[in-house]
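Visitor: This is the structure, below, for whatever I ask next.
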Amino acid sequence: MMYYQTTTIFPPETMQLRDQLLDASPYLSDTVMVNAAEKEEVLPNSIVTEILAENPQAAKSEKVLNTLDARTNPPNDNQMAQIHANDTVLGNKESLESKLAFYRVEKARNTTELIRLFQQDKAINAKPDSIENTLSNINSPGSKYLQAFCRYNKVDSTGVLNILNDVTSDFDLNSYENNIHTAYDDYFNLLLTLKSANKVVTEVDSAQKSTLSNIVQNASGLVQALARNILIKTGDIIYNEPYILTDTTTTKSARVIGSFGKSGNVKESYIKLYPNPAKDYITIEYNIPLNAEKAVVEIVSITGVQKEAIRLTTGWGEKIIDLRNYKPGTYFVRLYLAGKVIDNRKFVKF
């Protein structure tokens, strides 16, 4: 296998940005990694690969992977294999997010239980106030809608509308959430119109029935069930709860990531270096036998002074060497297996 040297020169900001990203690892968000992947003129594939290896959660993001694929010169198969090597690893950021999700669920469960106790306690006179105050601890659109029901039960029409307006100003709603919000908006406007006319919910006219039908057809969750219940009560629809059966018509599939250096061909070299000549950093790409023992990469100056010694723990991959403290000159990279040199390369630091 022949290796070709890459002579592309990257700006001084390359290593500075690399340092910042590695310092913030392993907690980089997908947004940060997408921005990093877009900076192709600053961050080469080898450094992006190194950063993604430190942030395994980002390597699972479709947005990040699509951004890598959209690069003019996307990562090669070996670099992608190194990125995907951590697909089954739970990153630190993912672990914290998992704990946060757990505590949020616990908070919501305890809130629901507290509300149930308020509803059962006959000694509480202002139940809507107590329930709304409890719900205010949950910052979500769903909690806001339940708070709006509390305002409605207190005959506070202005309060209901204010809470609905808060949802659109406090949350960045996606298309699905916008659809749900529109349904709640229509539903509460219908309730307030009926209340102002001293009518009950079963006294809806044809236009209001049309509004309820639209909610049933286009919304989901609680607001859909409430609208449907009114139409059932008025005799406009007959509803039977559907049975949901397991879908056995589809099978799951997974993308297979090719392994580095398993073609069966005899390799002419085990390491390659780029860029060469180098200024701020150099990438050492290695591919050694899987059963190799005591694999070490050594960097020495032309006078024989050892600069780095790196133990390799995988059969293939990349190492980024920071050259900012190296003096200009010629250096040798030697690959040792079981104490013997099996490959020797040189590069120039300018």
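Each chain of the structure tokens is named A, B, ... in the order shown, its residues numbered from 1; ligands are numbered from 1 in display order.
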Can you pull out the residues contacting Ile180 of chain A? Cut-off 9 Å, using only C-alpha atoms, and skip same-chain residues under 6 positions away; I want them as a ChimeraX atom specification.

Guide: /A:215,218-221,223-224

Visitor: Go ahead and save the picked residues with N, CA and C atoms, as a short mmCIF file (atom, residue, chain, number, x, y, z; two decimals), in the first residue's frame.

Guide:
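And here's again31.cif as it stands now:
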data_model
loop_
_atom_site.label_atom_id
_atom_site.label_comp_id
_atom_site.auth_asym_id
_atom_site.auth_seq_id
_atom_site.Cartn_x
_atom_site.Cartn_y
_atom_site.Cartn_z
N ILE A 215 -59.57 19.49 15.88
CA ILE A 215 -58.62 19.14 16.94
C ILE A 215 -58.44 17.63 17.02
N ASN A 218 -56.31 16.48 13.92
CA ASN A 218 -54.97 17.01 13.70
C ASN A 218 -54.08 17.10 14.93
N ALA A 219 -54.66 16.90 16.12
CA ALA A 219 -53.85 17.00 17.34
C ALA A 219 -53.68 15.62 17.96
N SER A 220 -53.08 15.60 19.13
CA SER A 220 -52.88 14.34 19.86
C SER A 220 -52.82 14.65 21.35
N GLY A 221 -52.74 13.59 22.15
CA GLY A 221 -52.59 13.79 23.59
C GLY A 221 -53.86 14.25 24.27
N VAL A 223 -55.37 17.24 24.70
CA VAL A 223 -56.32 18.14 24.05
C VAL A 223 -57.16 17.39 23.02
N GLN A 224 -56.59 16.40 22.35
CA GLN A 224 -57.35 15.58 21.41
C GLN A 224 -58.42 14.78 22.16
#

Visitor: Excluding Ser143 of chain A and its own-chain neighbours fewer than 6 positions away, which residues fall within 12 Å of it when counting only C-alpha atoms? Please give them as an NGL selection string.

Guide: :A and (108 or 111-112 or 131-137 or 149-150 or 163-164 or 166-167 or 222)

Visitor: Given the selection you just returned, output its residues as a file containing C-alpha atoms, formatted as a PDB file, in the first residue's frame.

Guide:
ATOM      1  CA  ALA A 108     -42.682  15.144  37.143  1.00  0.00           C
ATOM      2  CA  THR A 111     -45.429  16.679  41.021  1.00  0.00           C
ATOM      3  CA  THR A 112     -48.258  14.506  39.712  1.00  0.00           C
ATOM      4  CA  ILE A 131     -52.111  22.940  41.865  1.00  0.00           C
ATOM      5  CA  GLU A 132     -50.944  25.797  39.642  1.00  0.00           C
ATOM      6  CA  ASN A 133     -48.160  26.676  42.056  1.00  0.00           C
ATOM      7  CA  THR A 134     -47.010  23.051  41.999  1.00  0.00           C
ATOM      8  CA  LEU A 135     -47.143  22.892  38.201  1.00  0.00           C
ATOM      9  CA  SER A 136     -45.030  26.052  37.928  1.00  0.00           C
ATOM     10  CA  ASN A 137     -42.036  23.964  39.039  1.00  0.00           C
ATOM     11  CA  PHE A 149     -56.879  24.893  33.123  1.00  0.00           C
ATOM     12  CA  CYS A 150     -56.291  26.101  36.688  1.00  0.00           C
ATOM     13  CA  ILE A 163     -50.414  31.613  29.877  1.00  0.00           C
ATOM     14  CA  LEU A 164     -51.087  30.564  26.273  1.00  0.00           C
ATOM     15  CA  ASP A 166     -46.284  32.634  27.476  1.00  0.00           C
ATOM     16  CA  VAL A 167     -45.918  29.273  25.723  1.00  0.00           C
ATOM     17  CA  LEU A 222     -54.788  15.404  26.218  1.00  0.00           C
TER      18      LEU A 222
END

Visitor: Which residue, A:Phe332, A:Phe347, A:Tyr103, A:Phe188, has the smallest gap to Leu161 of chain A when you use only C-alpha atoms?

Guide: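 That would be A:Phe188, the residue with the smallest distance to Leu161 of chain A.
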
Visitor: Residues near Lys307 of chain A, anyone? I mean within 9 Å using only C-alpha atoms, not counting same-chain ones fewer than 3 positions away, as number ranges by chain.

Guide: A: 298-301, 326

Visitor: Mind writing the picked residues with N, CA and C atoms as a PDB file, in the first residue's frame?

Guide:
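part.pdb, written as the output of this step:
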ATOM      1  N   GLU A 298       7.835   6.198  18.689  1.00  0.00           N
ATOM      2  CA  GLU A 298       8.857   7.081  19.269  1.00  0.00           C
ATOM      3  C   GLU A 298       9.199   8.166  18.260  1.00  0.00           C
ATOM      4  N   ILE A 299       9.353   9.386  18.780  1.00  0.00           N
ATOM      5  CA  ILE A 299       9.783  10.502  17.944  1.00  0.00           C
ATOM      6  C   ILE A 299      11.130  10.976  18.458  1.00  0.00           C
ATOM      7  N   VAL A 300      12.120  11.034  17.572  1.00  0.00           N
ATOM      8  CA  VAL A 300      13.470  11.459  17.962  1.00  0.00           C
ATOM      9  C   VAL A 300      13.945  12.526  17.002  1.00  0.00           C
ATOM     10  N   SER A 301      14.814  13.385  17.505  1.00  0.00           N
ATOM     11  CA  SER A 301      15.408  14.416  16.655  1.00  0.00           C
ATOM     12  C   SER A 301      16.496  13.807  15.792  1.00  0.00           C
ATOM     13  N   TYR A 326       8.468  22.219  19.382  1.00  0.00           N
ATOM     14  CA  TYR A 326       9.597  21.601  18.673  1.00  0.00           C
ATOM     15  C   TYR A 326      10.396  22.680  17.928  1.00  0.00           C
TER      16      TYR A 326
END

Visitor: In terms of the shortest atom-to-atom distance over only C-alpha atoms, which of A:Thr211, A:Gln57, A:Lys122, A:Ile138 is closest to Asn110 of chain A?

Guide: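 Among A:Thr211, A:Gln57, A:Lys122, A:Ile138, it is A:Ile138 that comes nearest to Asn110 of chain A.
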
Visitor: Between A:Lys349, A:Lys39, A:Lys127, A:Arg151, which is the closest to Arg71 of chain A once you count only C-alpha atoms?

Guide: A:Lys39

Visitor: Pick out each residue of segment 26-184 of chain A that DSSP on the backbone tags as alpha helix (DSSP H); I need them as a ChimeraX atom specification.

Guide: /A:30-38,45-54,62-69,77-84,92-120,127-135,141-153,157-170,175-184

Visitor: Could you please take those selected residues and save C-alpha atoms as a compact mmCIF listing (two decimals), in the first residue's frame?

Guide:
# COMPACT_ATOMS: atom_id res chain seq x y z
CA ASP A 30 -23.61 18.36 18.76
CA THR A 31 -23.92 22.02 17.73
CA VAL A 32 -20.29 22.69 18.64
CA MET A 33 -19.15 19.58 16.77
CA VAL A 34 -21.16 20.56 13.69
CA ASN A 35 -19.50 23.99 13.75
CA ALA A 36 -16.09 22.33 14.11
CA ALA A 37 -16.77 19.96 11.22
CA GLU A 38 -17.78 22.91 9.04
CA ASN A 45 -9.95 15.38 9.19
CA SER A 46 -7.33 13.94 11.52
CA ILE A 47 -8.00 16.56 14.22
CA VAL A 48 -11.77 16.32 13.80
CA THR A 49 -11.41 12.55 14.21
CA GLU A 50 -9.34 13.03 17.37
CA ILE A 51 -11.94 15.38 18.87
CA LEU A 52 -14.86 13.09 18.00
CA ALA A 53 -13.03 10.17 19.61
CA GLU A 54 -13.07 12.20 22.86
CA GLU A 62 -26.76 12.34 12.33
CA LYS A 63 -26.21 16.11 12.06
CA VAL A 64 -22.52 15.73 12.88
CA LEU A 65 -22.05 12.76 10.53
CA ASN A 66 -23.88 14.53 7.69
CA THR A 67 -21.67 17.60 8.17
CA LEU A 68 -18.56 15.43 7.96
CA ASP A 69 -19.87 13.80 4.80
CA ASP A 77 -12.79 5.00 5.73
CA ASN A 78 -10.13 4.49 8.38
CA GLN A 79 -10.98 7.76 10.12
CA MET A 80 -14.70 6.99 10.00
CA ALA A 81 -13.99 3.56 11.48
CA GLN A 82 -12.11 5.24 14.34
CA ILE A 83 -15.03 7.64 14.88
CA HIS A 84 -17.55 4.79 14.93
CA ASN A 92 -19.74 11.48 29.88
CA LYS A 93 -22.14 14.00 28.38
CA GLU A 94 -24.64 11.23 27.61
CA SER A 95 -24.29 9.91 31.15
CA LEU A 96 -25.06 13.32 32.63
CA GLU A 97 -27.97 13.79 30.24
CA SER A 98 -29.32 10.38 31.26
CA LYS A 99 -29.14 11.34 34.94
CA LEU A 100 -30.80 14.67 34.20
CA ALA A 101 -33.60 12.93 32.32
CA PHE A 102 -34.07 10.53 35.23
CA TYR A 103 -34.38 13.35 37.77
CA ARG A 104 -36.75 15.25 35.49
CA VAL A 105 -38.99 12.19 35.29
CA GLU A 106 -38.82 11.82 39.07
CA LYS A 107 -39.71 15.49 39.49
CA ALA A 108 -42.68 15.14 37.14
CA ARG A 109 -43.84 11.97 38.92
CA ASN A 110 -43.64 13.61 42.34
CA THR A 111 -45.43 16.68 41.02
CA THR A 112 -48.26 14.51 39.71
CA GLU A 113 -48.51 12.74 43.06
CA LEU A 114 -48.60 16.06 44.92
CA ILE A 115 -51.38 17.33 42.66
CA ARG A 116 -53.37 14.14 43.30
CA LEU A 117 -53.05 14.74 47.04
CA PHE A 118 -54.25 18.33 46.62
CA GLN A 119 -57.27 17.10 44.69
CA GLN A 120 -58.18 14.61 47.43
CA LYS A 127 -57.12 23.94 45.05
CA PRO A 128 -56.50 25.57 41.64
CA ASP A 129 -53.97 27.93 43.24
CA SER A 130 -52.14 25.08 45.00
CA ILE A 131 -52.11 22.94 41.86
CA GLU A 132 -50.94 25.80 39.64
CA ASN A 133 -48.16 26.68 42.06
CA THR A 134 -47.01 23.05 42.00
CA LEU A 135 -47.14 22.89 38.20
CA PRO A 141 -45.48 23.59 27.41
CA GLY A 142 -47.52 20.70 28.82
CA SER A 143 -47.27 22.14 32.33
CA LYS A 144 -48.33 25.55 31.01
CA TYR A 145 -51.48 24.08 29.46
CA LEU A 146 -52.40 22.45 32.78
CA GLN A 147 -51.81 25.79 34.51
CA ALA A 148 -54.21 27.36 31.99
CA PHE A 149 -56.88 24.89 33.12
CA CYS A 150 -56.29 26.10 36.69
CA ARG A 151 -56.88 29.69 35.56
CA TYR A 152 -59.99 28.58 33.69
CA ASN A 153 -61.36 26.90 36.83
CA SER A 157 -60.08 34.37 31.23
CA THR A 158 -57.25 36.89 30.98
CA GLY A 159 -54.98 34.55 32.92
CA VAL A 160 -55.74 31.70 30.51
CA LEU A 161 -54.81 33.81 27.49
CA ASN A 162 -51.67 35.13 29.18
CA ILE A 163 -50.41 31.61 29.88
CA LEU A 164 -51.09 30.56 26.27
CA ASN A 165 -49.10 33.58 25.08
CA ASP A 166 -46.28 32.63 27.48
CA VAL A 167 -45.92 29.27 25.72
CA THR A 168 -45.02 30.85 22.38
CA SER A 169 -42.67 33.39 23.96
CA ASP A 170 -40.93 31.07 26.45
CA SER A 175 -43.83 22.11 13.96
CA TYR A 176 -45.44 19.31 16.00
CA GLU A 177 -45.50 21.44 19.19
CA ASN A 178 -46.91 24.38 17.23
CA ASN A 179 -49.72 22.15 16.01
CA ILE A 180 -50.51 21.08 19.59
CA HIS A 181 -50.38 24.68 20.77
CA THR A 182 -52.84 25.76 18.07
CA ALA A 183 -55.18 22.99 19.22
CA TYR A 184 -55.03 24.16 22.85

Visitor: Which is closer to Gly315 of chain A than all the others in A:Tyr270, A:Pro275, A:Gln217, A:Val348, using only C-alpha atoms?

Guide: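 For Gly315 of chain A, the nearest of the given residues is A:Tyr270.
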
Visitor: With distances taken over only C-alpha atoms, which residue among A:Leu312, A:Ile271, A:Leu194, A:Ile342 lies nearest Thr283 of chain A?

Guide: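 Ranking A:Leu312, A:Ile271, A:Leu194, A:Ile342 by distance to Thr283 of chain A, first place goes to A:Ile271.
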
Visitor: Find the residues around Leu323 of chain A up to 9 Å (only C-alpha atoms counted), leave out those fewer than 2 positions away in its own chain, and share them as a PDB file with N, CA and C atoms, in the first residue's frame.

Guide:
ATOM      1  N   ALA A 278       5.696  19.882   8.306  1.00  0.00           N
ATOM      2  CA  ALA A 278       4.667  20.280   9.265  1.00  0.00           C
ATOM      3  C   ALA A 278       5.128  21.514  10.027  1.00  0.00           C
ATOM      4  N   LYS A 279       4.128  22.224  10.583  1.00  0.00           N
ATOM      5  CA  LYS A 279       4.452  23.413  11.360  1.00  0.00           C
ATOM      6  C   LYS A 279       3.996  23.266  12.820  1.00  0.00           C
ATOM      7  N   ASP A 280       2.688  23.282  13.047  1.00  0.00           N
ATOM      8  CA  ASP A 280       2.166  23.260  14.414  1.00  0.00           C
ATOM      9  C   ASP A 280       1.859  21.854  14.910  1.00  0.00           C
ATOM     10  N   TYR A 281       1.582  20.932  14.018  1.00  0.00           N
ATOM     11  CA  TYR A 281       1.231  19.571  14.424  1.00  0.00           C
ATOM     12  C   TYR A 281       1.517  18.622  13.267  1.00  0.00           C
ATOM     13  N   ILE A 282       1.559  17.337  13.611  1.00  0.00           N
ATOM     14  CA  ILE A 282       1.651  16.303  12.593  1.00  0.00           C
ATOM     15  C   ILE A 282       0.766  15.140  13.020  1.00  0.00           C
ATOM     16  N   ILE A 321       0.341  14.925  17.088  1.00  0.00           N
ATOM     17  CA  ILE A 321       1.515  15.353  17.848  1.00  0.00           C
ATOM     18  C   ILE A 321       1.637  16.871  17.768  1.00  0.00           C
ATOM     19  N   ASN A 325       6.200  23.276  20.373  1.00  0.00           N
ATOM     20  CA  ASN A 325       7.406  23.443  21.189  1.00  0.00           C
ATOM     21  C   ASN A 325       8.626  22.764  20.569  1.00  0.00           C
ATOM     22  N   TYR A 326       8.468  22.219  19.382  1.00  0.00           N
ATOM     23  CA  TYR A 326       9.597  21.601  18.673  1.00  0.00           C
ATOM     24  C   TYR A 326      10.396  22.680  17.928  1.00  0.00           C
ATOM     25  N   LYS A 327      11.698  22.511  17.888  1.00  0.00           N
ATOM     26  CA  LYS A 327      12.534  23.404  17.091  1.00  0.00           C
ATOM     27  C   LYS A 327      12.473  22.982  15.627  1.00  0.00           C
ATOM     28  N   LYS A 349       9.995  19.693  10.463  1.00  0.00           N
ATOM     29  CA  LYS A 349       9.297  20.744  11.184  1.00  0.00           C
ATOM     30  C   LYS A 349       9.889  22.075  10.741  1.00  0.00           C
TER      31      LYS A 349
END

Visitor: Counting only C-alpha atoms, what is within 10 Å of Leu212 of chain A, bar same-chain residues fewer than 5 positions away, as a VMD selection string?

Guide: chain A and resid 183 186 to 187 190 204 206 to 207 217 223 to 224 226 to 231

Visitor: Just checking: using only C-alpha atoms, which residue out of A:Ile310, A:Ser140, A:Leu22, A:Arg324 ends up closest to Tyr336 of chain A?

Guide: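 Among the listed residues, A:Ile310 lies closest to Tyr336 of chain A.
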